[in-house]
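A.B. asks: Sharing a structure with you now.
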Amino acid sequence: MQVPPEASGRLSDAWRFCVGTGRFELALRRDYQDSLALIQREIGFRHIRGHGLLSDGVGVHQPYEYAGARHVRHSFTYVDQVIDAYLELGIQPFVELGFMPSGLASGGQTVFWWHGNVTPPSSWREWADLVRATVAHLVDRYGLDRVRTWPIEVWNEPNLKDFWQDADQDAYHRLYEVSAHAVKEVDASLQVGGPAISPGSDEFLVRFADFVAERSLPIDFVSRHAYTSGPAQHVPFGVHQTLAPAAKLLEQFATPRRQLQGGPLEGLPVHITEFNSSYRPDNPVHDTAFHAAYLAPVLAAGGDLVDSFSYWTFSDMFEEQGIPTSIFHGGFGLLTHRQIKKPTYHLYAFMARMGDQVLARGDDHLVTRDSSGRVTVLAWAPVDVTGAPPVDGHGDGHTVRLSVPVGDAASAFELRSSVSEEKGNAWAAWCEMGRPRSPKARELDVLREAAEPVRSHRSLPVSGGYADLDLTLGRHEVTLVELTPVVDETPPWWNDGRLLGLGRPDREESR
């Protein structure tokens, strides 16, 4: 295939707008901050979203009695430490309002190992005060100009009984109404939205849109989540699940705009504030090369459908099902504990090195160019969620052949970086080690080395402004090829044949 020399559009950065995280206070830990620093150096997300800002572990809501009356102190000790750390690392919050502080909860239902309360407030006035105080503190500490760029999302997956008592939509509507008004009372320019629903209850969004319109409530964006895994098949300390094809993720991304078309919320920004293959933090598919190849077409095309889609999550620092019992345990993270990079990490790092001018797209590739003239090709071997043999059928690999425009140069420098079942795959190396649950220092070093992509380089001839790429991809391979036109500065006296000092100098050199 010959790639057109002119750009057909710009590559959206919706894939890096936001990334997910474990509960809010985990950011106080050293391993968490080290992991986030690495992510930001090599990928560079803009926002970060997680649960638990208002849960007891952060300590914002502090009720007390004085002079025979109930009072509440709003304390932001941990909030300030976490957000200060975020900003120092070049990332800003995507604020989620939840869960319910126990001192304000109307019931005892909780979710997760860390007991996030998921019941409505016992006092709507006190909840409004809590939201207003929290948002006002953020504005006071970090400035309105900055905080108005932080989306504020009301709750998490209220369409599920696990996350909202009885999945009571009317009660969620009231929560949204009270919360949205409280946010806007701080400043009308602040962004508020929802309903952050999980897959499977799409009618929830339609009813929510009708309610917001009927009540003329403030809303600046719509949010939902996307996952493609089936029911959990439990084993000790883990699960296995079937997966729908990755195209189903893109279908879920497209659903909100389709549902809202022609309605009162048409045209609002749409944020997918969580997405992944499996919704479980103990599914080993997250750790594999398969997973990177599975998600590659989603990252390449998702920005055409939504304003952002947030990978859940950046790190295995995550305790919803309890404290992990092994370094690899199927966690959501792009990184394990101790900063071991998974293949999907490299998919994101490859995307971060792409240009912003789209030259071509295909079922197995994306071609871009940047302002310097560097052309980048992201290519992937299609996967089969049924476990069938490789797509090409013979085990010889998947081929991608492209003729790429590189401009007026005699040659192009090709740098290729790859991860696959055999390359840049720390999980495979860990399995070959015998799956040590707590790797020793030397083993950690080996795993980090095994996690690095395999890189190769060569000179490609250019003819008529084009260089021919003939890529053979291994099983579940994702590869990034960077092509840079060569400006040859080789001195006229250079002779490769004389590298070892052998041979005779020519007459011109000896003068």
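A note on labels: chains of the structure tokens are A, B, ... as shown, every chain counts residues from 1, and ligands are counted from 1 in their shown order.
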Which residues are close to Thr255 (chain A), i.e. within 12 Å by only C-alpha atoms, leaving aside same-chain residues fewer than 4 positions away? Reply as a PyMOL selection string.
C.D. replies: chain A and resi 197+199-203+205-206+222-226+248-251+259-261+270-272+305-306
A.B. asks: Please produce an output containing N, CA, C and O atoms for each residue in the selection, written as a compact mmCIF listing (two decimals), in the first residue's frame.
C.D. replies:
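Contents of part_33.txt, as written:
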# COMPACT_ATOMS: atom_id res chain seq x y z
N ILE A 197 -21.59 5.76 34.01
CA ILE A 197 -22.21 4.44 34.10
C ILE A 197 -21.30 3.36 33.51
O ILE A 197 -20.47 3.62 32.64
N PRO A 199 -20.90 -0.42 31.42
CA PRO A 199 -21.61 -1.00 30.28
C PRO A 199 -22.82 -1.82 30.73
O PRO A 199 -22.84 -2.36 31.84
N GLY A 200 -23.81 -1.90 29.85
CA GLY A 200 -24.93 -2.79 30.11
C GLY A 200 -26.21 -2.13 30.55
O GLY A 200 -27.24 -2.79 30.66
N SER A 201 -26.18 -0.84 30.84
CA SER A 201 -27.39 -0.13 31.26
C SER A 201 -27.51 1.18 30.49
O SER A 201 -27.61 2.26 31.07
N ASP A 202 -27.50 1.07 29.19
CA ASP A 202 -27.46 2.28 28.37
C ASP A 202 -28.71 3.14 28.51
O ASP A 202 -28.67 4.35 28.30
N GLU A 203 -29.85 2.52 28.88
CA GLU A 203 -31.06 3.31 29.07
C GLU A 203 -30.92 4.28 30.24
O GLU A 203 -31.62 5.30 30.30
N LEU A 205 -28.49 6.29 30.76
CA LEU A 205 -28.02 7.58 30.24
C LEU A 205 -29.16 8.37 29.61
O LEU A 205 -29.24 9.59 29.77
N VAL A 206 -30.05 7.69 28.89
CA VAL A 206 -31.17 8.38 28.26
C VAL A 206 -32.07 9.01 29.33
O VAL A 206 -32.48 10.18 29.21
N VAL A 222 -20.59 14.44 29.45
CA VAL A 222 -21.23 13.15 29.73
C VAL A 222 -20.12 12.11 29.85
O VAL A 222 -19.13 12.15 29.11
N SER A 223 -20.29 11.15 30.78
CA SER A 223 -19.26 10.13 30.97
C SER A 223 -19.88 8.74 31.09
O SER A 223 -21.02 8.58 31.55
N ARG A 224 -19.11 7.76 30.65
CA ARG A 224 -19.47 6.35 30.83
C ARG A 224 -18.20 5.52 30.78
O ARG A 224 -17.10 6.06 30.56
N HIS A 225 -18.34 4.20 31.01
CA HIS A 225 -17.21 3.28 31.04
C HIS A 225 -17.36 2.23 29.95
O HIS A 225 -18.46 2.05 29.40
N ALA A 226 -16.28 1.52 29.64
CA ALA A 226 -16.30 0.51 28.58
C ALA A 226 -15.39 -0.66 28.95
O ALA A 226 -14.20 -0.46 29.26
N LYS A 248 -15.68 -4.04 19.94
CA LYS A 248 -16.81 -3.78 20.84
C LYS A 248 -16.50 -2.61 21.78
O LYS A 248 -17.41 -1.91 22.22
N LEU A 249 -15.24 -2.40 22.11
CA LEU A 249 -14.88 -1.21 22.90
C LEU A 249 -15.21 0.05 22.11
O LEU A 249 -15.78 1.00 22.66
N LEU A 250 -14.85 0.07 20.84
CA LEU A 250 -15.14 1.24 20.02
C LEU A 250 -16.64 1.45 19.87
O LEU A 250 -17.11 2.59 19.85
N GLU A 251 -17.39 0.36 19.80
CA GLU A 251 -18.84 0.49 19.75
C GLU A 251 -19.37 1.14 21.04
O GLU A 251 -20.29 1.98 21.00
N GLN A 259 -26.79 7.81 21.41
CA GLN A 259 -27.98 7.90 22.25
C GLN A 259 -28.45 9.34 22.46
O GLN A 259 -29.66 9.59 22.59
N LEU A 260 -27.52 10.27 22.51
CA LEU A 260 -27.86 11.66 22.80
C LEU A 260 -28.19 12.48 21.56
O LEU A 260 -28.60 13.63 21.67
N GLN A 261 -27.99 11.87 20.39
CA GLN A 261 -28.22 12.60 19.14
C GLN A 261 -29.67 13.09 19.05
O GLN A 261 -30.62 12.35 19.29
N VAL A 270 -17.82 13.99 25.44
CA VAL A 270 -18.03 12.65 25.98
C VAL A 270 -16.69 12.11 26.46
O VAL A 270 -15.72 12.04 25.69
N HIS A 271 -16.65 11.74 27.74
CA HIS A 271 -15.44 11.16 28.33
C HIS A 271 -15.71 9.71 28.74
O HIS A 271 -16.67 9.45 29.49
N ILE A 272 -14.89 8.80 28.24
CA ILE A 272 -14.91 7.42 28.73
C ILE A 272 -13.93 7.39 29.90
O ILE A 272 -12.72 7.33 29.70
N LEU A 305 -14.06 9.06 18.19
CA LEU A 305 -15.39 8.80 18.72
C LEU A 305 -15.72 9.58 19.98
O LEU A 305 -16.89 9.86 20.25
N VAL A 306 -14.70 9.90 20.79
CA VAL A 306 -14.93 10.54 22.09
C VAL A 306 -13.85 11.58 22.35
O VAL A 306 -12.82 11.61 21.68
A.B. asks: Compile the contact shell of Thr325 (chain A) as a list in words: residues with an atom at most 12 Å away, counting only C-alpha atoms, same-chain residues fewer than 6 positions apart removed.
C.D. replies: Pro236, Phe237, Gly238, Asp282, Asp316, Phe318, Glu319, Gly331, His337, Arg435, Pro436, Arg437, Ser438 and Pro439 of chain A
A.B. asks: Can you tell me which residues surround His51 (chain A) at a distance of at most 10 Å, considering only C-alpha atoms, apart from same-chain residues fewer than 3 positions away, and format the answer as a CSV table (one decimal) with C-alpha atoms, in the first residue's frame?
C.D. replies:
chain,number,residue,atom,x,y,z
A,20,GLY,CA,-7.0,5.8,35.9
A,21,THR,CA,-5.6,5.2,39.4
A,22,GLY,CA,-6.3,3.2,42.5
A,23,ARG,CA,-8.0,5.0,45.5
A,24,PHE,CA,-7.0,8.5,46.1
A,25,GLU,CA,-4.7,8.1,49.2
A,54,LEU,CA,-14.4,11.8,49.9
A,55,SER,CA,-14.0,8.3,51.6
A,95,VAL,CA,-12.1,14.9,40.0
A,96,GLU,CA,-14.6,12.1,41.0
A,97,LEU,CA,-17.0,13.0,43.8
A,98,GLY,CA,-17.3,9.9,45.9
A,99,PHE,CA,-17.6,7.8,48.0
A,116,GLY,CA,-16.0,2.6,50.2
A,155,TRP,CA,-20.0,9.4,41.6
A,156,ASN,CA,-19.0,6.2,39.9
A.B. asks: Per DSSP on the backbone, what are the helix (DSSP H, G or I) residues of region 117-303 of chain A, as a PyMOL selection string?
C.D. replies: chain A and resi 124-142+144-147+165-167+169-186+202-215+247-260+284-287+289-303
A.B. asks: Return the single residue from A:Asp13, A:Asp34, A:Glu177, A:Asp187 that is closest to Arg148 (chain A), with distances computed using only C-alpha atoms.
C.D. replies: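 The answer is A:Asp187, which sits nearest to Arg148 (chain A).
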A.B. asks: Nearest to His365 (chain A): which of A:Leu36, A:Val3, A:Ile83, A:Ala441 is it, counting only C-alpha atoms?
C.D. replies: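 Result for the nearest residue to His365 (chain A): A:Val3.
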A.B. asks: Determine, counting only C-alpha atoms, which protein, DNA and RNA residues have an atom within 12 Å of an atom of Pro231 (chain A); residues of the same chain fewer than 5 positions away are not included. Present the result as a list in words.
C.D. replies: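 Residues near the query, excluding close chain neighbours: Val239, His240, Gln241, Thr242, Leu243, Ala244, Ser278, Tyr279, Arg280 and Asn283 of chain A.
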A.B. asks: Find the residues near region 373-381 of chain A: any atom within 7 Å, counting only C-alpha atoms, skip ones fewer than 6 places away on the same chain, and give them as number ranges by chain.
C.D. replies: A: 293, 296, 354-355, 364-367, 398, 406, 473, 475-484
A.B. asks: What is the CA of Cys18 (chain A) to CA of Val135 (chain A) distance in Å?
C.D. replies: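 One can read the CA of Cys18 (chain A) to CA of Val135 (chain A) distance as 19.7 Å.
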A.B. asks: CA of Arg29 (chain A) and CA of Tyr78 (chain A) are how many Å apart?
C.D. replies: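 Computing it gives 11.7 Å between the two atoms.
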A.B. asks: What's around region 189-192 of chain A at 6 Å? Count only C-alpha atoms, leave out sequence neighbours fewer than 6 positions away in its own chain, and write the answer as an NGL selection string.
C.D. replies: :A and (148 or 151-153 or 219-220)
A.B. asks: Excluding His286 (chain A) and any residue of its chain fewer than 4 positions from it, enumerate the residues within 10 Å of it, using only C-alpha atoms, and give them as an NGL selection string.
C.D. replies: :A and (276-278 or 280-282 or 290-292 or 328-334 or 342-344 or 427)
A.B. asks: Taking the chain letters and numbering used in this document, name the residues of region 140-379 of chain A that DSSP puts in strand (DSSP E or B), as a VMD selection string.
C.D. replies: chain A and resid 152 to 154 192 to 197 221 to 226 229 233 to 235 238 to 240 243 270 to 275 308 to 311 315 335 341 357 to 362 365 to 369 375 to 379
A.B. asks: Just checking: using only C-alpha atoms, which residue out of A:Gly434, A:Gly501, A:Gly50, A:Pro5 ends up closest to Gln92 (chain A)?
C.D. replies: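 Closest to Gln92 (chain A), using only C-alpha atoms: A:Gly50.
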A.B. asks: What is the CA of His137 (chain A)-CA of Gly59 (chain A) distance in Å, reported with one decimal?
C.D. replies: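 Spanning CA of His137 (chain A) to CA of Gly59 (chain A) is a straight-line distance of 14.4 Å.
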A.B. asks: Have a look at A:Tyr311, A:Phe221, A:Phe204, A:Trp430 and name the one nearest to Arg16 (chain A); count only C-alpha atoms.
C.D. replies: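 Checking each candidate against Arg16 (chain A), we get A:Tyr311 as the closest.
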A.B. asks: Considering only C-alpha atoms, can you say which of A:Leu53, A:Leu469, A:Val147, A:Ala426 comes closest to Leu444 (chain A)?
C.D. replies: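 Distance minimum relative to Leu444 (chain A) lands on A:Ala426.
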